[in-house]
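K.L.:
Please see the structure below; I have some questions.
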Amino acid sequence: MMYADENVIRIKHDVLYEVAKLAFEGQLESGRDHIAMELIPGPTPQFRCCIYKEREIIRQRVRLAEGKAPGSEDDGNVIQVISSACEDCPISSYTVTENCQNCIGKACINACKFGAIRMGRHRSHIDASKCKECGKCADACPYNAIAHLKRPCKFSCPVDAITYDENGISVIDKEKCIRCGKCIHSCPFGAIGSKTYIVDVIEALKSGKKVYAMAAPATEGQFGRDITMASWKNAMKELGFDDFYDVGLGGDMTAAYEAEEWAEAYKEGKKKVTSCCPAFVNMVRLHYPQLAECVSTTVSPMCAVSRLIKAKEPDAITVFIGPCLAKKSEVVDQKIPGNADYVLTYSELRAIMRAKGIALQPCGNDDQIASTYGKRFANSGGVTEAVLQSLKETGEDIDAKVYRANGAAECKKALLLLRAAKLPEDFVEGMICDGGCVGGPSAFKDQMKFRKDRDELIQQADNREIHENLEDYDMDSFSMHRE
């Protein structure tokens with residue numbers, strides 16, 4: 001998958017691998033300080049001005065890999081700015097281009113109330129230390145010679161959660177951030193990352209406790225048509241997990257209970273929004289709090305499978321694997337009882353596998369525990385199709401109309417309409433990532449590149465009905481609601 005930070009992804013993955021390797025060896029405490037020297041041996045820098053800055057960035061990345069904030073202050077957010085890397089980004093977002101005619105009218109200077117603009121020999125210049133980014137100069141210039149260069153991280157954030165401090169370092173407002181992770185790969189300096197649970201998971205695997213792996217429905221197809229859920233199960237057991245679950249099963253569970261909730265709300269004239277996408281739930285919770293009661297009380301597929309496992313093994317540790325960073329916030333911020341204990345992205349898990357010399361191997365597609373509807377939960381519109389199918393299976397005769405919000409912009413539009421009581425649909429399926437979970441920020445491949453493989457693998461799955469598929473599981477042994 002192509003990202004703006006493509007050239008620094010390798011160093012990100014190398015840090016994760018080094019931390020995982022030392023954690024398995026029990027030498028992280030004594031060896032963490034040597035990682036920077038090993039990855040940046042010098043004497044010439046690889047990416048930045050000098051090896052000393054590069055090594056400091058590595059040190060901050062090591063802290064993130066250990067689940068800590070990169071600096072001395074930690075606001076608790078899973079998404080963090082690596083300040084040493086962010087320093088390389090241009091501070092001023094307004095710049096004078098070569099279109100400047102150095103005109104006599106000096107409209108830009110007259111418009112600036114902060115004395116940030118001065119005339120140069122050939123064109124005007126903006127003093128970044130004085131500029132307040134009000135945009136008055138750009139509006140006043142008759143030649144449109146002043147460009148507004150939004151930082152990629154700020155431009156990508158769908159909820160305006162990113163600002164700059166007095167030194168020009170990006171700041172993420174935890175009270176606005178929905179943990180979607182869109183800013184991470186948009187930064188060409190690799191200056192934004194997320195805390196990981198790598199060390200916690202490795203310690204759990206080494207502890208002798210029952211540890212279960214759970215792969216997101218988005219996993220199917222991302223690693224090729226030969227890498228099936230059976231491939232994942234074999235690799236996870238080799239890694240040390242006691243067992244492995246396809247969270248598509250959780251999709252079936254969620255669809256069945258969400259259908260009951262939709263039917264009840266429909267009869268009462270109430271509108272509901274889905275709770276499967278944690279970034280969408282965060283958007284409602286932080287930006288549209290008056291709609292909090294509209295969020296479905298049914299737990300996400302991740303939580304559903306975790307509760308299923310813990311109903312059988314109360315002391316079990318559950319680890320979710322997928323392309324979503326907001327899932328980490330579902331565990332940390334939303335604190336839903338019985339939820340997954342840890343969340344790993346594909347790159348984080350692959351670092352753990354690499355440290356143990358384990359790789360996914362081709363395998364037959366005969367280990368299926370989810371219906372095709374549960375597996376499609378990861379696609380935009382998949383939740384809707386599954387819930388409507390469940391309503392059909394249970395004989396609920398309701399003419400439910402659903403707003404399928406694909407991407408952050410569509411989610412905001414749907415919530416604005418709902419808040420203004422102008423939403424014609426009965427329910428909203430909210431997916432912050434374009435295309436659904438398959439378009440998550442930590443996806444292994446671009447969704448368009450693996451869609452054919454994904455469709456082929458899902459078509460091979462057992463096409464049982466949702467409720468028939470759940471008959472093998474004791475659904476009465478745990479609650480499917482968020483509280």
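Letters A, B, ... go to the chains of the structure tokens in the order shown; residues in each chain start at 1; ligands are counted from 1 in the same order.
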With 10 Å as the cut-off and only C-alpha atoms counted, what is the closest atom pair between each nearby residue of segment 389-479 of chain A and segment 335-344 of chain A? Distances in Å to one decimal, ordered by chain and number, as a Markdown table.
P.N.:
```
| residue | atom | partner | partner_atom | distance |
| --- | --- | --- | --- | --- |
| A:Ser442 | CA | A:Leu344 | CA | 9.9 |
| A:Phe478 | CA | A:Gly338 | CA | 9.3 |
| A:Ser479 | CA | A:Gly338 | CA | 9.4 |
```
K.L.:
Could you name the residues that touch Ile172 of chain A at 9 Å or less, counting only C-alpha atoms, but leaving out those on the same chain fewer than 3 positions away, as a list in words?
P.N.:
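The residues that qualify are Asn77, Ile79, Gln80, Val81, Ala161, Ile162, Thr163, Tyr164, Glu175, Lys176 and Cys177 of chain A.
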K.L.:
Show me, as a PyMOL selection string, the residues that have an atom within 12 Å of Ser194 of chain A when counting only C-alpha atoms, minus same-chain residues fewer than 5 positions from it.
P.N.:
chain A and resi 12+16+60-70+76-82+179-185+324-329+343-345+347-348+441-442
K.L.:
Compile the contact shell of Tyr17 of chain A as a PyMOL selection string: residues with an atom at most 8 Å away, counting only C-alpha atoms, same-chain residues fewer than 2 positions apart removed.
P.N.:
chain A and resi 13-15+19-21+351-352+354-355
K.L.:
Let me make sure I understand: among A:Asn282, A:Asp426, A:Ala405, A:Asn167, which one has the smallest atom-to-atom distance to Lys267 of chain A if we use only C-alpha atoms?
P.N.:
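Of A:Asn282, A:Asp426, A:Ala405, A:Asn167, the one nearest Lys267 of chain A, counting only C-alpha atoms, is A:Asp426.
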K.L.:
Nearest to Ile458 of chain A: which of A:Ala128, A:Met229, A:Ala145, A:Cys187 is it, counting only C-alpha atoms?
P.N.:
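Of all the options, A:Met229 lies closest to Ile458 of chain A.
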K.L.:
Smallest atom-to-atom distance to Ala409 of chain A: which of A:Gln290, A:Cys433, A:Gly221, A:Gly240, using only C-alpha atoms?
P.N.:
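Comparing A:Gln290, A:Cys433, A:Gly221, A:Gly240 against Ala409 of chain A, the winner is A:Cys433.
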K.L.:
Could you pull out the alpha helix (DSSP H) residues of segment 222-464 of chain A from DSSP and send them as a ChimeraX atom specification?
P.N.:
/A:229-239,248-268,278-287,301-312,326-332,346-355,372-375,382-393,408-419,447-459
K.L.:
Tell me which of A:Ala218, A:Ile146, A:Ala304, A:Val201 sits closest to Asp446 of chain A, counting only C-alpha atoms.
P.N.:
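Looking at the shortest contact to Asp446 of chain A, the residue is A:Ala218.
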K.L.:
Which residues come within 6 Å of Gly407 of chain A, counting only C-alpha atoms, excluding same-chain residues fewer than 6 positions away, as number ranges by chain?
P.N.:
A: 431-434
K.L.:
Counting only C-alpha atoms, give me one row per residue of segment 366-433 of chain A with an atom at most 9 Å from an atom of segment 204-217 of chain A, showing the shortest contact pair and its distance in Å to one decimal, sorted by chain then residue number, as a tab-separated table.
P.N.:
```
residue	atom	partner	partner_atom	distance
A:Gly374	CA	A:Pro217	CA	7.5
A:Lys375	CA	A:Pro217	CA	5.1
A:Arg376	CA	A:Pro217	CA	7.0
A:Phe377	CA	A:Pro217	CA	6.6
A:Ala378	CA	A:Pro217	CA	5.6
A:Asn379	CA	A:Pro217	CA	8.9
```
K.L.:
Just to be explicit: take each residue in the selection above, keep C-alpha atoms, and write the result as a PDB file, in the first residue's frame.
P.N.:
```pdb
ATOM      1  CA  GLY A 374     -20.198 -11.805   9.061  1.00  0.00           C
ATOM      2  CA  LYS A 375     -17.131 -11.778   6.849  1.00  0.00           C
ATOM      3  CA  ARG A 376     -18.538  -8.837   4.867  1.00  0.00           C
ATOM      4  CA  PHE A 377     -18.755  -6.709   8.025  1.00  0.00           C
ATOM      5  CA  ALA A 378     -15.419  -5.185   7.014  1.00  0.00           C
ATOM      6  CA  ASN A 379     -16.838  -3.690   3.821  1.00  0.00           C
TER       7      ASN A 379
END
```
